[in-house]
file start.txt (compact mmCIF, C-alpha atoms)
# COMPACT_ATOMS: atom_id res chain seq x y z
CA MET M 189 -1.00 10.07 21.35
CA ALA M 190 -1.21 12.48 18.45
CA VAL M 191 2.06 12.94 16.82
CA ARG M 192 2.60 15.47 14.14
CA THR M 193 4.42 18.53 15.23
CA THR M 194 4.87 21.82 13.43
CA SER M 195 6.39 23.32 10.41
CA THR M 196 9.25 25.78 10.90
CA ILE M 197 10.80 23.65 13.64
CA GLU M 198 14.54 24.13 13.51
CA ASP M 199 15.54 20.56 14.08
CA ALA M 200 18.54 18.56 13.05
CA SER M 201 19.06 17.28 9.55
CA PRO M 202 18.50 13.56 9.09
CA ARG M 203 21.51 11.38 9.88
CA TRP M 204 22.37 7.91 8.72
CA TYR M 205 24.77 5.27 9.91
CA SER M 206 27.81 4.83 7.70
CA HIS M 207 31.15 3.11 8.05
CA PRO M 208 34.50 3.67 6.35
CA TYR M 209 34.31 0.43 4.35
CA ASN M 210 31.33 1.51 2.24
CA ARG M 211 33.56 1.95 -0.80
CA ALA M 212 33.14 1.19 -4.47
CA ASN M 213 36.10 -1.20 -4.51
CA PHE M 214 34.29 -3.60 -2.19
CA TYR M 215 31.24 -3.56 -4.43
CA ARG M 216 33.43 -4.01 -7.48
CA LEU M 217 35.16 -6.99 -5.88
CA ALA M 218 31.84 -8.57 -4.89
CA ALA M 219 30.46 -8.05 -8.40
CA ALA M 220 33.61 -9.50 -9.98
CA LEU M 221 33.03 -12.72 -8.06
CA ALA M 222 29.54 -13.13 -9.46
CA TRP M 223 30.80 -15.81 -11.88
CA VAL M 224 31.99 -18.03 -9.00
CA PRO M 225 29.56 -20.86 -8.21
CA ARG M 226 27.29 -19.65 -5.43
CA ARG M 227 28.32 -22.17 -2.75
CA LEU M 228 31.98 -21.29 -3.26
CA ARG M 229 31.22 -17.58 -3.46
CA LEU M 230 29.31 -17.67 -0.17
CA GLY M 231 32.22 -19.60 1.41
CA LEU M 232 34.60 -16.86 0.29
CA ALA M 233 32.22 -14.24 1.65
CA ARG M 234 32.18 -15.96 5.03
CA GLN M 235 35.99 -15.90 5.13
CA VAL M 236 36.02 -12.17 4.38
CA GLY M 237 33.33 -11.68 7.02
CA ARG M 238 35.55 -13.35 9.61
CA LEU M 239 38.14 -10.60 9.12
CA ALA M 240 35.67 -7.79 9.64
CA PRO M 241 35.30 -7.74 13.47
CA SER M 242 39.01 -7.04 13.98
CA LEU M 243 38.93 -4.30 11.31
CA MET M 244 35.77 -2.70 12.69
CA PRO M 245 36.05 -2.67 16.51
CA GLY M 246 33.33 -0.06 16.97
CA GLU M 247 30.86 -2.06 14.90
CA ARG M 248 31.90 -5.26 16.70
CA ALA M 249 31.17 -3.67 20.09
CA ALA M 250 27.77 -2.47 18.89
CA ILE M 251 26.87 -5.91 17.58
CA GLU M 252 27.95 -7.52 20.86
CA THR M 253 25.60 -5.16 22.69
CA SER M 254 22.75 -6.09 20.37
CA MET M 255 23.38 -9.84 20.49
CA ALA M 256 23.61 -9.80 24.29
CA ARG M 257 20.26 -8.04 24.53
CA PHE M 258 18.56 -10.14 21.84
CA THR M 259 19.73 -13.53 23.10
CA GLY M 260 21.10 -13.14 26.62
CA ALA M 261 24.31 -14.82 25.46
CA THR M 262 27.59 -14.11 27.24
CA GLY M 263 31.24 -15.12 26.90
CA ARG M 264 32.15 -17.49 24.10
CA ALA M 265 28.58 -17.85 22.89
CA LEU M 266 28.33 -14.08 22.50
CA GLU M 267 31.59 -13.97 20.54
CA THR M 268 30.31 -16.69 18.21
CA LEU M 269 27.04 -14.87 17.61
CA THR M 270 28.87 -11.60 16.98
CA LEU M 271 31.17 -13.20 14.41
CA ARG M 272 28.19 -14.85 12.79
CA VAL M 273 26.57 -11.44 12.19
CA PHE M 274 29.57 -10.39 10.11
CA THR M 275 29.71 -13.64 8.14
CA ASP M 276 25.95 -13.62 7.53
CA PHE M 277 26.17 -10.02 6.37
CA ALA M 278 29.04 -10.86 4.00
CA MET M 279 26.97 -13.63 2.40
CA CYS M 280 23.91 -11.40 1.98
CA PHE M 281 26.06 -8.60 0.58
CA SER M 282 27.71 -10.98 -1.89
CA ASP M 283 24.34 -12.26 -3.05
CA LEU M 284 22.92 -8.77 -3.39
CA VAL M 285 25.76 -7.39 -5.50
CA SER M 286 26.19 -10.59 -7.53
CA THR M 287 22.57 -11.09 -8.38
CA ASN M 288 21.58 -7.48 -8.91
CA ARG M 289 22.37 -7.62 -12.60
CA GLN M 290 21.30 -11.19 -13.15
CA PRO M 291 18.05 -12.21 -14.83
CA ALA M 292 15.07 -12.30 -12.51
CA ALA M 293 14.66 -16.05 -12.99
CA LEU M 294 18.18 -16.75 -11.73
CA ARG M 295 17.66 -14.48 -8.76
CA ALA M 296 14.39 -16.24 -7.99
CA SER M 297 16.28 -19.55 -7.80
CA HIS M 298 17.73 -18.34 -4.48
CA LEU M 299 14.23 -18.04 -3.08
CA GLY M 300 13.11 -20.52 -0.44
CA GLN M 301 9.91 -20.58 1.57
CA VAL M 302 7.58 -17.64 1.01
CA GLU M 303 4.96 -16.87 3.66
CA GLY M 304 2.05 -14.50 3.07
CA ILE M 305 2.81 -13.58 -0.55
CA ASP M 306 -0.92 -13.61 -1.33
CA ARG M 307 -1.20 -10.51 0.84
CA LEU M 308 0.94 -8.70 -1.67
CA THR M 309 -0.35 -10.20 -4.88
CA THR M 310 -4.08 -10.72 -4.43
CA THR M 311 -5.58 -9.87 -1.05
CA LEU M 312 -4.60 -6.21 -1.04
CA SER M 313 -5.48 -4.11 -4.02
CA GLY M 314 -4.52 -0.47 -4.27
CA GLY M 315 -1.55 1.25 -2.76
CA LEU M 316 0.37 -0.26 0.11
CA ILE M 317 3.51 0.34 2.13
CA SER M 318 5.93 -2.57 2.34
CA LEU M 319 7.78 -2.06 5.59
CA THR M 320 11.08 -3.79 6.18
CA ALA M 321 14.30 -3.39 8.15
CA HIS M 322 18.04 -3.94 7.96
CA VAL M 323 17.51 -7.61 8.70
CA GLY M 324 18.56 -10.30 6.23
CA ASN M 325 18.74 -9.30 2.60
CA TRP M 326 16.31 -6.40 2.63
CA GLU M 327 17.37 -4.90 -0.71
CA LEU M 328 17.18 -8.23 -2.52
CA ALA M 329 13.73 -8.65 -0.96
CA GLY M 330 12.51 -5.51 -2.68
CA ARG M 331 13.50 -6.86 -6.07
CA LEU M 332 12.15 -10.35 -5.38
CA LEU M 333 8.81 -9.02 -4.17
CA ALA M 334 8.49 -6.57 -7.02
CA GLY M 335 8.77 -9.55 -9.35
CA LYS M 336 5.76 -11.09 -7.62
CA SER M 337 3.63 -7.97 -7.80
CA ALA M 338 2.10 -6.47 -10.91
CA ARG M 339 2.42 -3.03 -9.35
CA PRO M 340 5.50 -0.82 -9.59
CA THR M 341 7.51 -0.69 -6.35
CA HIS M 342 9.20 2.50 -5.16
CA VAL M 343 12.03 1.64 -2.78
CA VAL M 344 12.93 4.50 -0.45
CA VAL M 345 16.65 4.61 0.32
CA ALA M 346 19.04 6.84 2.22
CA PRO M 347 21.26 8.93 -0.02
CA ASP M 348 24.54 7.11 -0.37
CA GLU M 349 27.67 9.01 0.53
CA ALA M 350 29.19 7.87 -2.72
CA GLN M 351 26.78 8.00 -5.62
CA GLU M 352 28.99 5.59 -7.52
CA LEU M 353 27.80 2.83 -5.16
CA GLU M 354 24.28 3.11 -6.47
CA ARG M 355 25.01 1.33 -9.71
CA TRP M 356 26.02 -1.80 -7.80
CA VAL M 357 22.91 -2.24 -5.72
CA ARG M 358 20.28 0.26 -6.81
CA ARG M 359 19.56 -0.46 -10.40
CA ASN M 360 16.12 0.70 -11.51
CA GLY M 361 14.07 -1.70 -13.61
CA GLU M 362 11.95 -4.86 -13.42
CA GLY M 363 9.21 -2.93 -11.66
CA VAL M 364 11.57 -1.39 -9.09
CA ARG M 365 12.42 2.27 -8.80
CA PHE M 366 14.76 3.57 -6.10
CA VAL M 367 13.81 6.87 -4.50
CA SER M 368 16.42 8.72 -2.47
CA ARG M 369 15.36 10.55 0.69
CA SER M 370 17.72 13.36 -0.23
CA ARG M 371 14.94 15.97 -0.65
CA PRO M 372 12.01 16.73 1.67
CA THR M 373 9.66 16.77 -1.32
CA VAL M 374 10.32 13.05 -1.89
CA SER M 375 7.19 12.31 0.14
CA LEU M 376 5.08 13.93 -2.61
CA GLU M 377 6.29 11.24 -5.01
CA LEU M 378 5.33 8.58 -2.48
CA VAL M 379 1.86 10.05 -1.88
CA ALA M 380 1.24 10.15 -5.63
CA ALA M 381 2.51 6.57 -6.10
CA LEU M 382 0.21 5.28 -3.36
CA ARG M 383 -2.70 7.17 -4.91
CA ARG M 384 -1.96 5.37 -8.19
CA GLY M 385 -2.21 2.04 -6.36
CA GLU M 386 1.52 1.33 -6.36
CA VAL M 387 3.82 -0.07 -3.67
CA VAL M 388 6.17 1.99 -1.52
CA ALA M 389 8.91 -0.01 0.21
CA VAL M 390 10.52 1.67 3.17
CA GLN M 391 12.71 0.67 6.10
CA GLY M 392 11.34 1.20 9.56
CA ASP M 393 14.26 0.47 11.86
CA ARG M 394 16.66 3.40 11.64
CA ALA M 395 15.85 6.67 13.38
CA LEU M 396 16.78 9.83 11.53
CA GLY M 397 17.57 12.01 14.53
CA THR M 398 14.77 14.42 13.65
CA LYS M 399 11.35 15.34 15.01
CA GLY M 400 10.01 12.48 12.91
CA ASP M 401 11.35 9.85 15.32
CA ILE M 402 9.56 8.29 18.26
CA GLU M 403 10.69 6.14 21.15
CA VAL M 404 9.36 2.59 21.37
CA PRO M 405 10.57 -0.21 23.65
CA PHE M 406 12.74 -2.65 21.70
CA PHE M 407 13.85 -5.76 23.58
CA GLY M 408 12.85 -4.05 26.80
CA ARG M 409 14.66 -0.78 26.34
CA PRO M 410 13.53 2.43 24.59
CA ALA M 411 14.86 2.84 21.07
CA ARG M 412 14.07 5.44 18.44
CA PHE M 413 12.22 4.51 15.27
CA PRO M 414 11.02 6.59 12.32
CA LEU M 415 7.36 7.56 12.40
CA GLY M 416 7.16 8.51 8.71
CA PRO M 417 5.81 5.19 7.36
CA PHE M 418 2.92 5.25 9.83
CA LEU M 419 2.07 8.89 9.14
CA LEU M 420 2.04 8.05 5.44
CA SER M 421 -0.25 5.08 6.10
CA SER M 422 -2.71 7.10 8.19
CA ALA M 423 -2.72 10.12 5.87
CA ILE M 424 -3.32 8.13 2.67
CA LYS M 425 -5.30 5.37 4.43
CA VAL M 426 -3.26 2.56 2.92
CA PRO M 427 -2.07 -0.52 4.80
CA PHE M 428 1.53 -1.25 5.64
CA LEU M 429 2.83 -4.75 5.33
CA PRO M 430 5.81 -5.92 7.43
CA ALA M 431 8.06 -7.91 5.05
CA PHE M 432 11.39 -9.62 5.69
CA CYS M 433 13.86 -11.67 3.64
CA LEU M 434 16.06 -14.02 5.69
CA LEU M 435 18.86 -16.35 4.69
CA ASP M 436 17.90 -19.84 5.83
CA ALA M 437 20.03 -22.82 6.84
CA GLN M 438 20.10 -24.04 3.22
CA TYR M 439 21.35 -20.62 2.04
CA ARG M 440 18.09 -19.78 0.37
CA TYR M 441 16.03 -16.70 1.13
CA ALA M 442 12.87 -17.12 3.17
CA VAL M 443 10.40 -14.30 2.62
CA LYS M 444 7.99 -13.58 5.44
CA ILE M 445 5.11 -11.19 4.92
CA ALA M 446 3.14 -10.51 8.08
CA GLU M 447 -0.42 -9.30 8.64
CA PRO M 448 -1.12 -5.84 7.25
CA PHE M 449 -2.04 -2.90 9.48
CA ILE M 450 -3.53 0.49 8.69
CA ALA M 451 -2.31 3.26 10.94
CA VAL M 452 -5.16 5.33 12.35
CA ARG M 453 -4.79 9.08 12.34
CA GLY M 454 -3.65 10.27 15.75
CA GLU M 455 -2.67 6.73 16.73
CA GLU M 456 0.44 6.34 14.63
CA GLU M 457 2.50 5.51 17.69
CA ASP M 458 0.35 2.44 18.27
CA ALA M 459 1.03 1.34 14.71
CA ALA M 460 4.74 1.87 15.29
CA ARG M 461 4.55 -0.35 18.38
CA MET M 462 2.88 -3.10 16.34
CA TRP M 463 5.62 -2.82 13.76
CA VAL M 464 8.36 -2.98 16.39
CA ALA M 465 6.70 -6.06 17.91
CA ALA M 466 6.79 -7.74 14.47
CA LEU M 467 10.42 -6.72 14.07
CA GLU M 468 11.29 -8.13 17.50
CA GLY M 469 9.71 -11.43 16.56
CA ILE M 470 11.87 -11.73 13.44
CA VAL M 471 15.04 -10.67 15.26
CA ARG M 472 14.40 -13.31 17.96
CA GLN M 473 14.26 -15.93 15.20
CA TYR M 474 17.25 -14.61 13.21
CA PRO M 475 19.42 -12.56 15.61
CA THR M 476 22.56 -12.89 13.50
CA GLN M 477 20.83 -11.27 10.53
CA TRP M 478 20.41 -7.99 12.40
CA PHE M 479 22.56 -5.76 10.19
CA ASN M 480 22.53 -2.50 12.08
CA PHE M 481 26.18 -2.09 13.01
CA PHE M 482 25.59 0.59 15.61
CA ASP M 483 23.93 0.77 19.01
CA ILE M 484 20.24 0.90 18.12
CA TRP M 485 19.40 2.18 21.62
CA GLU M 486 21.93 5.03 21.46
CA PRO M 487 22.18 5.69 17.72
CA PHE M 488 23.45 9.26 17.94
CA ALA M 489 25.93 8.80 20.75
CA ARG M 490 28.83 8.04 18.42
CA MET J 239 -10.97 30.12 -8.01
CA GLU J 240 -8.95 33.31 -7.56
CA ASN J 241 -5.29 33.09 -6.62
CA ASP J 242 -5.76 34.99 -3.36
CA LYS J 243 -8.52 32.63 -2.28
CA ILE J 244 -6.32 29.63 -2.98
CA LEU J 245 -3.52 31.26 -1.01
CA GLU J 246 -5.85 31.88 1.94
CA ALA J 247 -6.98 28.26 1.84
CA LEU J 248 -3.35 27.15 1.86
CA LYS J 249 -2.73 29.30 4.93
CA ASP J 250 -5.66 27.60 6.64
CA ILE J 251 -4.13 24.21 5.84
CA MET J 252 -0.79 25.37 7.22
CA VAL J 253 -2.43 26.30 10.51
CA GLU J 254 -4.82 23.37 10.81
CA ARG J 255 -2.72 20.48 9.58
CA LEU J 256 0.86 21.66 9.96
CA LYS J 257 0.26 23.53 13.25
CA PHE J 258 1.77 26.67 11.81
CA ALA J 259 1.53 29.58 14.27
CA PRO J 260 -1.34 31.90 13.12
CA SER J 261 0.65 34.92 14.26
CA ARG J 262 3.14 34.20 11.47
CA LEU J 263 0.59 34.14 8.67
CA PRO J 264 1.19 37.78 7.66
CA GLU J 265 4.77 36.80 6.80
CA LEU J 266 3.57 34.44 4.09
CA SER J 267 3.49 35.55 0.47
CA PRO J 268 3.54 33.84 -2.92
CA ALA J 269 7.33 34.13 -2.84
CA THR J 270 7.63 32.17 0.40
CA ALA J 271 9.64 29.01 -0.23
CA LEU J 272 8.46 25.75 1.30
CA PRO J 273 11.11 22.96 1.50
CA ARG J 274 13.54 22.91 4.38
CA ASP J 275 16.57 22.73 2.11
CA LEU J 276 15.96 26.28 0.80
CA GLU J 277 17.28 29.28 2.67
CA GLY J 278 14.58 31.46 4.20
CA SER J 279 11.93 28.82 3.61
CA LEU J 280 9.19 27.67 5.94
CA GLY J 281 11.35 24.62 6.57
CA LEU J 282 8.84 21.94 5.59
CA ASP J 283 10.20 18.40 5.88
CA SER J 284 8.98 15.24 4.21
CA LEU J 285 6.30 14.65 6.86
CA ASP J 286 5.00 18.19 6.44
CA PHE J 287 4.67 17.62 2.71
CA ILE J 288 2.52 14.54 3.37
CA GLU J 289 0.21 16.63 5.55
CA LEU J 290 0.17 19.50 3.06
CA SER J 291 -0.63 17.29 0.07
CA VAL J 292 -3.45 15.49 1.87
CA GLY J 293 -4.81 18.82 3.12
CA ILE J 294 -4.84 20.13 -0.45
CA GLU J 295 -6.63 17.01 -1.70
CA GLU J 296 -9.33 17.36 0.94
CA ARG J 297 -9.76 21.12 0.59
CA PHE J 298 -9.77 21.32 -3.21
CA GLY J 299 -11.28 17.95 -4.07
CA PHE J 300 -8.71 16.42 -6.40
CA VAL J 301 -6.18 13.63 -6.00
CA ILE J 302 -2.46 14.22 -6.27
CA ASP J 303 -1.38 11.20 -8.29
CA GLU J 304 0.86 12.56 -11.02
CA ALA J 305 3.79 10.44 -12.11
CA GLN J 306 5.95 13.44 -12.96
CA ASP J 307 8.08 15.30 -10.42
CA LEU J 308 5.84 17.37 -8.18
CA ALA J 309 8.64 19.21 -6.40
CA PRO J 310 8.62 22.26 -8.70
CA HIS J 311 4.93 22.81 -7.90
CA PHE J 312 5.67 22.75 -4.17
CA HIS J 313 8.65 25.10 -4.40
CA THR J 314 6.90 28.28 -3.14
CA LEU J 315 3.39 29.18 -2.10
CA GLY J 316 3.06 30.94 -5.46
CA THR J 317 3.98 27.89 -7.53
CA LEU J 318 1.64 25.84 -5.39
CA VAL J 319 -1.22 28.27 -6.02
CA ASP J 320 -0.54 28.00 -9.78
CA TYR J 321 -0.52 24.20 -9.58
CA ILE J 322 -3.80 24.05 -7.67
CA ARG J 323 -5.42 26.49 -10.10
CA SER J 324 -4.30 24.38 -13.05
CA ARG J 325 -5.75 21.25 -11.42
CA LEU J 326 -9.05 23.02 -10.82
CA ALA J 327 -9.29 24.32 -14.37

call {"tool": "encode", "arguments": {"input": "start.txt", "output": "structure tokens"}}
result
Amino acid sequence: MAVRTTSTIEDASPRWYSHPYNRANFYRLAAALAWVPRRLRLGLARQVGRLAPSLMPGERAAIETSMARFTGATGRALETLTLRVFTDFAMCFSDLVSTNRQPAALRASHLGQVEGIDRLTTTLSGGLISLTAHVGNWELAGRLLAGKSARPTHVVVAPDEAQELERWVRRNGEGVRFVSRSRPTVSLELVAALRRGEVVAVQGDRALGTKGDIEVPFFGRPARFPLGPFLLSSAIKVPFLPAFCLLDAQYRYAVKIAEPFIAVRGEEEDAARMWVAALEGIVRQYPTQWFNFFDIWEPFAR
Amino acid sequence: MENDKILEALKDIMVERLKFAPSRLPELSPATALPRDLEGSLGLDSLDFIELSVGIEERFGFVIDEAQDLAPHFHTLGTLVDYIRSRLA
């Protein structure tokens, strides 16, 4: 059950999913459309999203695999779900880039039902780890939640291939600070932030391909997940809080904050299983907002 | 606390918390680099640094909560010894 391994292990460097369309021009285009009324802008985004499956056959195949496993759909129903993932992603992406530079009040107007916010604002004092995933509008969630919390929020992100992209979606301010995982010493910043009683927001759904991953059943089949958030929780003795931000049927963002857990030292894998169970529950409810465009069960096969 | 005593305590932490092989302890010196992205270093990754920082807190009795960049202090065993000594002063 114990997890931590050794220093001096010669293991692989962390790897992240990327696709050839992660280019500044797409961000620039999305930002340029920020002036368009939101309903119209989201309609345009859906049209662009419809084009994506034919331009990204590898990603389309991966999404079909995921949707089939999540929902059991086949044939036409599976095609519809797969297309919907791309159109939902396009809408979330448009909202993220468009609203990133807008005043907090305007951004908050996109907010719908919020469940469990008291866990963030009042119930839990001291440091905590906000754990989310590439489901719905996870980056917008960080900014929305930071606005609800009096504590600074440190959002841990993968280093972007193109640093120029950062200015579109990773603007520091309003209580949010983005922290890139580019250096191994980044965890020292996170330890110190948690000791100061601040919030660390991290994603718990993408394995890194290192010794820091573990295998946990996800929709009935083993998948790899990062163990880091749970090791951080057990080492610092702070709770982690599963938090998700989903686009609802009225095109508003529903924020769902689940029960907090504290990972126990030596039992971090159990904590990871609890997290994956929470993630499964959300994905069952919102399968087309699963925005991992690769095979989550075979992430390093490509 | 003397520098060599701090260094010995750090070696204990490396063995106890980071599962560093005791047979390799004689290789360690103040010049030994720590992070994995440095050539010839001990190859510590982000999870190792969590363990190391918590081990230091428990062993030396202070809390690592600085807002400034801590990476320079965790560059080599020598810089880490200096950091710990300054915190104990």

call {"tool": "atom_distance", "arguments": {"input": "start.txt", "atom1": "CA of Leu315 in chain J", "atom2": "CA of Asp303 in chain J"}}
result
19.6 Å

call {"tool": "atom_distance", "arguments": {"input": "start.txt", "atom1": "CA of Leu420 in chain M", "atom2": "CA of Leu285 in chain J"}}
result
8.0 Å

call {"tool": "closest_atom_pairs", "arguments": {"input": "start.txt", "of": "chain J", "to": "chain M", "cutoff": "9 Å", "atoms": "only C-alpha atoms", "output": "tab-separated table"}}
result
residue	atom	partner	partner_atom	distance
J:Met252	CA	M:Ser195	CA	8.1
J:Arg255	CA	M:Arg192	CA	8.6
J:Leu256	CA	M:Thr194	CA	5.3
J:Lys257	CA	M:Thr194	CA	4.9
J:Phe258	CA	M:Ser195	CA	5.9
J:Ala259	CA	M:Thr194	CA	8.5
J:Pro273	CA	M:Pro372	CA	6.3
J:Arg274	CA	M:Pro372	CA	6.9
J:Asp275	CA	M:Arg371	CA	7.5
J:Ser279	CA	M:Thr196	CA	8.3
J:Leu280	CA	M:Thr196	CA	5.3
J:Gly281	CA	M:Thr196	CA	5.0
J:Leu282	CA	M:Ser195	CA	5.6
J:Asp283	CA	M:Pro372	CA	4.9
J:Ser284	CA	M:Pro372	CA	4.2
J:Leu285	CA	M:Gly416	CA	6.5
J:Asp286	CA	M:Ser195	CA	6.6
J:Phe287	CA	M:Ser375	CA	6.4
J:Ile288	CA	M:Ser375	CA	6.1
J:Glu289	CA	M:Ala423	CA	7.1
J:Ser291	CA	M:Leu376	CA	7.1
J:Val292	CA	M:Ala423	CA	6.7
J:Val301	CA	M:Arg383	CA	7.4
J:Ile302	CA	M:Ala380	CA	5.5
J:Asp303	CA	M:Ala380	CA	3.9
J:Glu304	CA	M:Ala380	CA	5.9
J:Ala305	CA	M:Ala380	CA	7.0
J:Gln306	CA	M:Glu377	CA	8.3
J:Asp307	CA	M:Glu377	CA	7.0
J:Leu308	CA	M:Leu376	CA	6.6
J:Ala309	CA	M:Thr373	CA	5.7
J:Phe312	CA	M:Thr373	CA	7.7
J:His313	CA	M:Thr373	CA	8.9

call {"tool": "axis_aligned_box", "arguments": {"input": "start.txt", "around": "range 269-274 of chain J", "padding_each_side": "8 Å", "output": "lines of an AutoDock Vina configuration file"}}
result
center_x = 10.4
center_y = 28.5
center_z = 0.8
size_x = 22.2
size_y = 27.2
size_z = 23.2

call {"tool": "residues_around", "arguments": {"input": "start.txt", "residues": "Leu248 in chain J", "least_positions_apart": "2", "cutoff": "9 Å", "atoms": "all atoms listed in the file", "output": "ChimeraX atom specification"}}
result
/J:243-246,250-253,290,293-294,297,315,318-319

call {"tool": "residues_around", "arguments": {"input": "start.txt", "residues": "Leu435 in chain M", "least_positions_apart": "3", "cutoff": "10 Å", "atoms": "all atoms listed in the file", "output": "MDAnalysis selection string"}}
result
chainID M and resid 276:277 279:280 298:300 323:325 438:443 474 477

call {"tool": "atom_distance", "arguments": {"input": "start.txt", "atom1": "CA of Arg234 in chain M", "atom2": "CA of Lys444 in chain M"}}
result
24.3 Å

call {"tool": "residues_around", "arguments": {"input": "start.txt", "residues": "range 454-464 of chain M", "least_positions_apart": "5", "cutoff": "10 Å", "atoms": "all atoms listed in the file", "output": "tab-separated table (two decimals) with C-alpha atoms, in the coordinates of the input"}}
result
chain	number	residue	atom	x	y	z
M	189	MET	CA	-1.00	10.07	21.35
M	190	ALA	CA	-1.21	12.48	18.45
M	191	VAL	CA	2.06	12.94	16.82
M	192	ARG	CA	2.60	15.47	14.14
M	319	LEU	CA	7.78	-2.06	5.59
M	320	THR	CA	11.08	-3.79	6.18
M	392	GLY	CA	11.34	1.20	9.56
M	393	ASP	CA	14.26	0.47	11.86
M	402	ILE	CA	9.56	8.29	18.26
M	403	GLU	CA	10.69	6.14	21.15
M	404	VAL	CA	9.36	2.59	21.37
M	405	PRO	CA	10.57	-0.21	23.65
M	406	PHE	CA	12.74	-2.65	21.70
M	407	PHE	CA	13.85	-5.76	23.58
M	411	ALA	CA	14.86	2.84	21.07
M	413	PHE	CA	12.22	4.51	15.27
M	414	PRO	CA	11.02	6.59	12.32
M	415	LEU	CA	7.36	7.56	12.40
M	416	GLY	CA	7.16	8.51	8.71
M	417	PRO	CA	5.81	5.19	7.36
M	418	PHE	CA	2.92	5.25	9.83
M	419	LEU	CA	2.07	8.89	9.14
M	420	LEU	CA	2.04	8.05	5.44
M	421	SER	CA	-0.25	5.08	6.10
M	422	SER	CA	-2.71	7.10	8.19
M	423	ALA	CA	-2.72	10.12	5.87
M	428	PHE	CA	1.53	-1.25	5.64
M	429	LEU	CA	2.83	-4.75	5.33
M	430	PRO	CA	5.81	-5.92	7.43
M	446	ALA	CA	3.14	-10.51	8.08
M	448	PRO	CA	-1.12	-5.84	7.25
M	449	PHE	CA	-2.04	-2.90	9.48
M	469	GLY	CA	9.71	-11.43	16.56
M	470	ILE	CA	11.87	-11.73	13.44

call {"tool": "residues_around", "arguments": {"input": "start.txt", "residues": "range 262-272 of chain M", "least_positions_apart": "2", "cutoff": "10 Å", "atoms": "only C-alpha atoms", "output": "PyMOL selection string"}}
result
chain M and resi 234+237-242+247-257+259-260+274-278+475-477

call {"tool": "closest_residue", "arguments": {"input": "start.txt", "among": "M:Ala431, M:Ala296, M:Leu221, M:Val367", "to": "His342 in chain M", "atoms": "all atoms listed in the file"}}
result
M:Val367
